[in-house]
Amino acid sequence: MKTPRKAKKKNLKQMAFTRFMLVVAVLVLWIGGISVRLVHLQVTQHAWLKEKALDMRQDVKSTRMLRGSIYDRNERALAMSVRARTLYADPTEIADPEATAKVIAKTLTLDARQIASQIRKGKEAKKRYVVLAKKVDEDVFEKINKALDTPDVKKSDLPYFTGLHWRDDQKRSYPYQTLAAQVVGFSNADDDGKAGIEQSQDDVLHGAVIKKLQERDRLGRVYDETFVERETPSDVVLTLDTGFQYMTEQALERGVRAANAKSGMAIVMNPKTGEILALANYPTFDPNTINDAEAENIGNKAIQAVYSPGSVFKIVTYGSALEKHLFAPEDEIDSGNGTIEIGDHKFQDAHAVGRVSYLQAMAASSNVCAIKIAMKVGREDFFTTTKKLGFGAKTGVELPAETQGILRSPKEWKGDSLASMSIGYEIGVTALQMATAFATIANDGIRVQPRIIKEIRPENEQPKVVPQVQQTEVFTGDTSRNLKAMLRQVVLTGTGRRAQLNGYTSAGKTGTAWKFDSKSKTIDSNKYVSSFIGMAPAGNPEIVVAVVLDEPKVAARDGGAVAAPVFREIAQNILQEMKVASDEPVKQDAVVAKVVPESTSKSAEIKSLPAESKPESGTKPKPAESPAVKPKPKDIKKTNDKKLGDTGKLTAFLLRRFNSHDLSLILNTKLET
Amino acid sequence: MNKRTQTRPARKKAAQQNDATRWRTYALMLGCGLMLLTGFFFAGRQHFLSMDYGMKNSRLRKQVDDLETEKRRLLLAREVSLSPNEIKKALSKSGMIEPTAAAVEGEIAQVATATREKALPKPAAEVKPMVIKTVSVNPVATRVAAVYSKPEKFDKQGRKTLSTE
């Protein structure tokens, strides 16, 4: 029989077991519930929760890299981008558009009603980006942040104002303003190139978009960043020289103004390498204020405008004849009474020259002689030489919208077309094509493709030098030498006397052609295109300079009167800057001789003027002044003006010689930025 | 019958052995627990340190960007100061002589004037256009035989006589 003690013990054990099982059950249920919840979250809702977590933590920030810079050959920046910021509003975050608009309008001095309307419309359309201030500089950025700072607002990014944010942007600047504006071009608000190098090299200059994956904490602070895409833009180095460009532009501007011309173009080229050292158009524009620029000034007329070259084209006529050994420069040709009839048309010389050597015929720019030569050359050979010199085709320069000019095939020529073309009509050329043709002669008959890009420099990589391409032999060495001699004669005794330089020999050709009126489809004898294209020094040319003036309205309007002086100024300055050795005795400048300061002493004498150079045929030599003669007051005034020097020359000199630190010491002034 | 099989000292010894084992177990548990805690502590420290370094890194990167921006801005300012327009302004401010463009244009204008004088329109009969050519056909002017004046002759007394030729 069980004792009561044992029964009690058994009951206790059972009770303990039951309670234990109860606790276990509760625990199992509890843990089970948690487990089910865990499985539900981790498995079923895994994707949604992960996305939400990433969304809260991560932020994708897209920034565009700064657009590549454009430099000249001396590393002067012609176009450069700097970081800027754009202020925008997120209307979905703004509770009270009117109140916000008031504050913004007060800070940015804008119309409050307009801003309120923009924000309201954005809110209705659920827009998240309404631009308020575009591309502001650093100082304006600081000013706006300070003005909009609201202490109550807790935000991770500036400004501390609800609903407003900054976006990284960039602003394109052209430090040299109008200098080489048509070559450099400009880019629009979206940083897309729209003209010039900005357009033609847009792929190279364009900054790729970088995607930055940023990890943020709950306060919005970034603690991890990953770059997803990165493609660096490259810088472009041009063959232009800023100093030469400035000199060329100044000379061209003066020439256009003096001739009261509609516009002008000037090109300076290295004939051996094809590098374009300067390319100027006038009038010009400032790419920094493109909205104020006139549309007709934006285009690069040197490669886009087609004109009849006139007598300058006679180099093709004479060149093709020399290649065929039809004559030697010393041989004679009879121009008769200065008229010739070809087909239904009569061609005349300005002044009949009679029987002259070919040298003199070129110097006098005789149309009759040129036509007679062309008739001997024949259509096919003339056309072949024209094509070989690059006419009727693009030069291939790295600028956009270049035109190929107008050159019809011989099949389309009429009876008098050869005669017309031999004197530069019935053909359309660009200034660059003409400059390249003269560069061919200067380079001993080898045509080199003109180029304006020296190298392309990707970031952190080796620069890519643009390889020289397309060298074509057009003339033999003998032909080139003979042509140079003939062009030299033009400058010595012919129509290009005003292109003579001091200390250097020069050679070139004038051109004066009536313009073709596209409206009436006829030649307008009241409008001219006057040009002078030359090379210097004549024996071994270092530069070729082409100057073309459109519709000069002064005096005889011929190339010798209006374009040759511009050539002289450009060539003289650039050759001196290049430190090219003189190949002619330097004539002591009459101005220099008179720059002796006036002395109160009676014994002071003003030195005599040097004897004039040998007079050209047909002109009366000026008598030399006797040593004791004092200059007239009028001359002294002129001397003083010239003594002062040209601001343009001084500026260009300073540009090339000194850096900004030294300049500020010289000028004893802080240069404003 | 006596169920006690073990003597008192044996039981004491067994009890002591049980205690030692227990204490060892407790010590082991404590050690493991401490190691776990230390691990958690270091892991936590690493985590927050990495967050901290990440934020500093991000701030430094932003500083570098800002400095690069400032450097670029200064480069641009330097280039602007070297532009011809700014140099001209500095020259005029510093009092350097600035000749007027008219002085140079005057020279060209003088050339133009001299040329203009030469190119003054001649009487209608003497005007000769350089090229008579247009796309639209104009009738060719009829030829006029040139009339040349006979050369003047002088007798021994210097008087003019007309040639009879």
# chains A, B, ... in the order shown; residues from 1 in each chain; ligands from 1
call {"tool": "residues_around", "arguments": {"residues": "A:Lys135", "least_positions_apart": "5", "cutoff": "10 Å", "atoms": "only C-alpha atoms", "output": "JSON, numbers by chain"}}
result
{"A": [82, 83, 84, 85, 86, 87, 140, 141, 167, 168, 169, 170, 171, 172, 189]}
call {"tool": "residues_around", "arguments": {"residues": "A:Phe285", "least_positions_apart": "2", "cutoff": "9 Å", "atoms": "only C-alpha atoms", "output": "mmCIF file with N, CA and C atoms, in the first residue's frame"}}
result
data_model
loop_
_atom_site.group_PDB
_atom_site.id
_atom_site.type_symbol
_atom_site.label_atom_id
_atom_site.label_comp_id
_atom_site.auth_asym_id
_atom_site.auth_seq_id
_atom_site.Cartn_x
_atom_site.Cartn_y
_atom_site.Cartn_z
ATOM 1 N N GLN A 177 37.715 87.032 -74.573
ATOM 2 C CA GLN A 177 36.535 87.704 -75.132
ATOM 3 C C GLN A 177 36.497 87.594 -76.646
ATOM 4 N N THR A 178 36.701 88.698 -77.358
ATOM 5 C CA THR A 178 36.489 88.660 -78.810
ATOM 6 C C THR A 178 37.647 88.017 -79.569
ATOM 7 N N LEU A 179 38.734 87.739 -78.894
ATOM 8 C CA LEU A 179 39.916 87.206 -79.599
ATOM 9 C C LEU A 179 39.631 85.808 -80.139
ATOM 10 N N ALA A 181 37.224 84.678 -81.747
ATOM 11 C CA ALA A 181 35.886 84.233 -81.362
ATOM 12 C C ALA A 181 35.311 83.253 -82.383
ATOM 13 N N GLN A 182 35.492 83.548 -83.664
ATOM 14 C CA GLN A 182 34.912 82.677 -84.695
ATOM 15 C C GLN A 182 35.623 81.329 -84.742
ATOM 16 N N TYR A 282 36.500 90.323 -89.052
ATOM 17 C CA TYR A 282 35.962 91.573 -88.502
ATOM 18 C C TYR A 282 34.740 91.956 -89.316
ATOM 19 N N PRO A 283 33.610 92.351 -88.696
ATOM 20 C CA PRO A 283 33.409 92.469 -87.250
ATOM 21 C C PRO A 283 33.349 91.117 -86.554
ATOM 22 N N PRO A 287 31.907 85.759 -77.224
ATOM 23 C CA PRO A 287 31.140 84.552 -76.878
ATOM 24 C C PRO A 287 30.580 84.582 -75.450
ATOM 25 N N ASN A 288 31.127 85.455 -74.603
ATOM 26 C CA ASN A 288 30.603 85.533 -73.234
ATOM 27 C C ASN A 288 29.207 86.140 -73.217
ATOM 28 N N THR A 289 28.916 86.950 -74.233
ATOM 29 C CA THR A 289 27.594 87.590 -74.296
ATOM 30 C C THR A 289 26.987 87.232 -75.644
ATOM 31 N N ILE A 290 26.817 85.946 -75.862
ATOM 32 C CA ILE A 290 26.388 85.470 -77.184
ATOM 33 C C ILE A 290 24.995 85.969 -77.545
ATOM 34 N N ASP A 292 23.872 88.842 -77.163
ATOM 35 C CA ASP A 292 23.939 90.200 -77.720
ATOM 36 C C ASP A 292 24.610 90.224 -79.083
ATOM 37 N N ALA A 293 25.151 89.082 -79.512
ATOM 38 C CA ALA A 293 25.926 89.075 -80.759
ATOM 39 C C ALA A 293 24.993 89.090 -81.964
ATOM 40 N N GLU A 294 25.472 89.748 -83.007
ATOM 41 C CA GLU A 294 24.693 89.735 -84.253
ATOM 42 C C GLU A 294 24.986 88.445 -84.995
ATOM 43 N N ASN A 297 27.799 88.074 -87.585
ATOM 44 C CA ASN A 297 29.200 88.157 -87.137
ATOM 45 C C ASN A 297 29.696 86.852 -86.553
ATOM 46 N N ILE A 298 28.803 85.914 -86.325
ATOM 47 C CA ILE A 298 29.184 84.682 -85.641
ATOM 48 C C ILE A 298 29.874 83.711 -86.603
#
call {"tool": "residues_around", "arguments": {"residues": "A:Ile315", "least_positions_apart": "4", "cutoff": "10 Å", "atoms": "only C-alpha atoms", "output": "PyMOL selection string"}}
result
chain A and resi 311+319-321+362+370+386+422-424+437-438+441+483-484+486-487+508-509
call {"tool": "interface_residues", "arguments": {"of": "chain A", "to": "chain B", "cutoff": "6 Å", "atoms": "only C-alpha atoms", "output": "JSON, numbers by chain"}}
result
{"A": [175, 176, 222, 223, 224, 258, 345, 346, 347, 348, 349, 350, 555, 556, 673]}
call {"tool": "write_last_selection", "arguments": {"atoms": "N, CA and C atoms", "output": "mmCIF file, in the first residue's frame"}}
result
data_model
loop_
_atom_site.group_PDB
_atom_site.id
_atom_site.type_symbol
_atom_site.label_atom_id
_atom_site.label_comp_id
_atom_site.auth_asym_id
_atom_site.auth_seq_id
_atom_site.Cartn_x
_atom_site.Cartn_y
_atom_site.Cartn_z
ATOM 1 N N PRO A 175 38.100 83.870 -71.621
ATOM 2 C CA PRO A 175 38.836 84.968 -70.984
ATOM 3 C C PRO A 175 39.280 86.054 -71.965
ATOM 4 N N TYR A 176 39.556 85.685 -73.198
ATOM 5 C CA TYR A 176 40.058 86.657 -74.151
ATOM 6 C C TYR A 176 38.949 87.314 -74.969
ATOM 7 N N VAL A 222 26.946 61.672 -45.874
ATOM 8 C CA VAL A 222 27.485 60.662 -46.792
ATOM 9 C C VAL A 222 28.652 59.955 -46.117
ATOM 10 N N TYR A 223 28.643 58.649 -46.075
ATOM 11 C CA TYR A 223 29.780 57.937 -45.504
ATOM 12 C C TYR A 223 30.442 56.983 -46.485
ATOM 13 N N ASP A 224 29.884 56.843 -47.689
ATOM 14 C CA ASP A 224 30.523 55.985 -48.686
ATOM 15 C C ASP A 224 30.093 56.438 -50.077
ATOM 16 N N ALA A 258 39.384 101.874 -92.038
ATOM 17 C CA ALA A 258 39.960 102.895 -92.921
ATOM 18 C C ALA A 258 39.365 102.800 -94.317
ATOM 19 N N HIS A 345 32.828 88.366 -125.504
ATOM 20 C CA HIS A 345 33.222 89.349 -124.517
ATOM 21 C C HIS A 345 34.598 89.924 -124.756
ATOM 22 N N LYS A 346 34.695 91.144 -124.338
ATOM 23 C CA LYS A 346 35.943 91.886 -124.513
ATOM 24 C C LYS A 346 36.547 92.103 -123.139
ATOM 25 N N PHE A 347 37.802 91.747 -123.025
ATOM 26 C CA PHE A 347 38.525 91.953 -121.770
ATOM 27 C C PHE A 347 39.557 93.043 -121.968
ATOM 28 N N GLN A 348 39.703 93.866 -120.943
ATOM 29 C CA GLN A 348 40.634 94.992 -121.058
ATOM 30 C C GLN A 348 41.542 95.058 -119.840
ATOM 31 N N ASP A 349 42.685 95.664 -120.051
ATOM 32 C CA ASP A 349 43.586 95.985 -118.940
ATOM 33 C C ASP A 349 43.244 97.368 -118.415
ATOM 34 N N ALA A 350 43.528 97.586 -117.136
ATOM 35 C CA ALA A 350 43.315 98.912 -116.545
ATOM 36 C C ALA A 350 44.226 99.925 -117.246
ATOM 37 N N ALA A 555 38.359 105.332 -101.881
ATOM 38 C CA ALA A 555 39.332 105.537 -102.971
ATOM 39 C C ALA A 555 39.088 104.552 -104.108
ATOM 40 N N ALA A 556 40.186 104.008 -104.640
ATOM 41 C CA ALA A 556 40.046 103.136 -105.795
ATOM 42 C C ALA A 556 39.572 101.748 -105.407
ATOM 43 N N THR A 673 40.369 91.394 -61.896
ATOM 44 C CA THR A 673 39.942 90.105 -62.428
ATOM 45 C C THR A 673 38.440 90.083 -62.627
#
call {"tool": "atom_distance", "arguments": {"atom1": "atom CA of A:Gly310", "atom2": "atom CA of A:Ala513"}}
result
4.6 Å
call {"tool": "residues_around", "arguments": {"residues": "stretch 57-68 of chain A", "least_positions_apart": "6", "cutoff": "8 Å", "atoms": "only C-alpha atoms", "output": "JSON, numbers by chain"}}
result
{"A": [80, 81, 82, 83, 168, 169, 170, 191, 204, 205, 206, 207, 208, 209, 210, 211, 212, 213, 214, 215, 216, 217, 218, 232, 233, 234, 235, 236]}
call {"tool": "residues_around", "arguments": {"residues": "stretch 88-100 of chain A", "least_positions_apart": "5", "cutoff": "6 Å", "atoms": "only C-alpha atoms", "output": "VMD selection string"}}
result
chain A and resid 116 119 122 to 123 128 to 132 163 to 165
call {"tool": "select_by_dssp", "arguments": {"residues": "stretch 404-550 of chain A", "states": "alpha helix (DSSP H)", "output": "number ranges by chain"}}
result
A: 417-422, 431-442, 477-493
call {"tool": "select_by_dssp", "arguments": {"residues": "stretch 438-537 of chain A", "states": "strand (DSSP E or B)", "output": "VMD selection string"}}
result
chain A and resid 446 to 448 451 453 to 458 464 to 465 471 to 473 507 to 517 522 to 536
call {"tool": "write_last_selection", "arguments": {"atoms": "C-alpha atoms", "output": "PDB file, in the first residue's frame"}}
result
ATOM      1  CA  ILE A 446      54.186  71.132-101.858  1.00  0.00           C
ATOM      2  CA  ARG A 447      50.626  71.640-100.727  1.00  0.00           C
ATOM      3  CA  VAL A 448      50.177  70.990 -97.015  1.00  0.00           C
ATOM      4  CA  ARG A 451      45.283  72.665 -89.618  1.00  0.00           C
ATOM      5  CA  ILE A 453      44.527  71.809 -83.847  1.00  0.00           C
ATOM      6  CA  LYS A 454      47.990  71.128 -82.508  1.00  0.00           C
ATOM      7  CA  GLU A 455      47.136  68.400 -80.036  1.00  0.00           C
ATOM      8  CA  ILE A 456      44.348  66.869 -78.031  1.00  0.00           C
ATOM      9  CA  ARG A 457      45.134  66.241 -74.374  1.00  0.00           C
ATOM     10  CA  PRO A 458      43.096  63.676 -72.473  1.00  0.00           C
ATOM     11  CA  LYS A 464      47.679  63.043 -78.948  1.00  0.00           C
ATOM     12  CA  VAL A 465      49.526  65.179 -81.483  1.00  0.00           C
ATOM     13  CA  GLN A 471      51.139  66.646 -98.589  1.00  0.00           C
ATOM     14  CA  THR A 472      50.640  66.949-102.317  1.00  0.00           C
ATOM     15  CA  GLU A 473      53.205  68.041-104.871  1.00  0.00           C
ATOM     16  CA  ALA A 507      56.040  88.703-102.330  1.00  0.00           C
ATOM     17  CA  GLY A 508      52.378  88.552-103.128  1.00  0.00           C
ATOM     18  CA  LYS A 509      49.510  89.396-105.393  1.00  0.00           C
ATOM     19  CA  THR A 510      46.712  91.917-105.269  1.00  0.00           C
ATOM     20  CA  GLY A 511      43.181  91.096-106.255  1.00  0.00           C
ATOM     21  CA  THR A 512      40.214  93.321-106.951  1.00  0.00           C
ATOM     22  CA  ALA A 513      37.038  91.692-108.171  1.00  0.00           C
ATOM     23  CA  TRP A 514      33.482  92.765-108.630  1.00  0.00           C
ATOM     24  CA  LYS A 515      31.091  90.965-106.378  1.00  0.00           C
ATOM     25  CA  PHE A 516      28.489  88.559-107.630  1.00  0.00           C
ATOM     26  CA  ASP A 517      25.040  89.701-106.527  1.00  0.00           C
ATOM     27  CA  THR A 522      24.798  89.362-112.048  1.00  0.00           C
ATOM     28  CA  ILE A 523      28.057  90.965-111.176  1.00  0.00           C
ATOM     29  CA  ASP A 524      27.634  94.261-109.343  1.00  0.00           C
ATOM     30  CA  SER A 525      30.287  96.653-110.545  1.00  0.00           C
ATOM     31  CA  ASN A 526      29.685  98.925-107.554  1.00  0.00           C
ATOM     32  CA  LYS A 527      30.808  96.332-105.054  1.00  0.00           C
ATOM     33  CA  TYR A 528      34.304  94.956-104.783  1.00  0.00           C
ATOM     34  CA  VAL A 529      36.168  92.272-102.943  1.00  0.00           C
ATOM     35  CA  SER A 530      39.734  93.481-102.525  1.00  0.00           C
ATOM     36  CA  SER A 531      42.492  91.246-101.379  1.00  0.00           C
ATOM     37  CA  PHE A 532      46.196  90.869-100.977  1.00  0.00           C
ATOM     38  CA  ILE A 533      47.824  87.526-100.339  1.00  0.00           C
ATOM     39  CA  GLY A 534      51.515  87.340 -99.797  1.00  0.00           C
ATOM     40  CA  MET A 535      54.436  85.651 -98.146  1.00  0.00           C
ATOM     41  CA  ALA A 536      57.517  86.832 -96.310  1.00  0.00           C
TER      42      ALA A 536
END
call {"tool": "atom_distance", "arguments": {"atom1": "atom CA of A:Gly343", "atom2": "atom CA of A:Ala393"}}
result
28.8 Å
call {"tool": "residues_around", "arguments": {"residues": "A:Lys414", "least_positions_apart": "2", "cutoff": "12 Å", "atoms": "only C-alpha atoms", "output": "ChimeraX atom specification"}}
result
/A:342-345,379,408-412,416-421,426 /B:135
call {"tool": "atom_distance", "arguments": {"atom1": "atom CA of A:Asn260", "atom2": "atom CA of A:Val562"}}
result
9.7 Å
call {"tool": "residues_around", "arguments": {"residues": "A:Pro271", "least_positions_apart": "4", "cutoff": "7 Å", "atoms": "only C-alpha atoms", "output": "MDAnalysis selection string"}}
result
chainID A and resid 439:440 442:443 542:544
call {"tool": "write_last_selection", "arguments": {"atoms": "N, CA and C atoms", "output": "PDB file, in the first residue's frame"}}
result
ATOM      1  N   ALA A 439      50.433  79.248 -99.892  1.00  0.00           N
ATOM      2  CA  ALA A 439      51.354  78.489 -99.037  1.00  0.00           C
ATOM      3  C   ALA A 439      52.016  77.374 -99.843  1.00  0.00           C
ATOM      4  N   THR A 440      51.312  76.848-100.816  1.00  0.00           N
ATOM      5  CA  THR A 440      51.885  75.813-101.678  1.00  0.00           C
ATOM      6  C   THR A 440      53.080  76.370-102.445  1.00  0.00           C
ATOM      7  N   ALA A 442      54.807  78.982-101.571  1.00  0.00           N
ATOM      8  CA  ALA A 442      55.843  79.318-100.586  1.00  0.00           C
ATOM      9  C   ALA A 442      56.606  78.073-100.126  1.00  0.00           C
ATOM     10  N   ASN A 443      55.944  76.934-100.170  1.00  0.00           N
ATOM     11  CA  ASN A 443      56.545  75.684 -99.692  1.00  0.00           C
ATOM     12  C   ASN A 443      57.137  74.884-100.846  1.00  0.00           C
ATOM     13  N   GLU A 542      58.414  82.326 -94.182  1.00  0.00           N
ATOM     14  CA  GLU A 542      58.053  81.773 -92.879  1.00  0.00           C
ATOM     15  C   GLU A 542      56.558  81.875 -92.627  1.00  0.00           C
ATOM     16  N   ILE A 543      55.933  82.860 -93.252  1.00  0.00           N
ATOM     17  CA  ILE A 543      54.486  83.039 -93.075  1.00  0.00           C
ATOM     18  C   ILE A 543      53.850  83.394 -94.409  1.00  0.00           C
ATOM     19  N   VAL A 544      52.597  83.007 -94.517  1.00  0.00           N
ATOM     20  CA  VAL A 544      51.749  83.441 -95.626  1.00  0.00           C
ATOM     21  C   VAL A 544      50.595  84.201 -94.985  1.00  0.00           C
TER      22      VAL A 544
END
call {"tool": "closest_residue", "arguments": {"among": "A:Ile31, A:Arg76, A:Tyr160, A:Ser263", "to": "A:Glu296", "atoms": "only C-alpha atoms"}}
result
A:Ser263
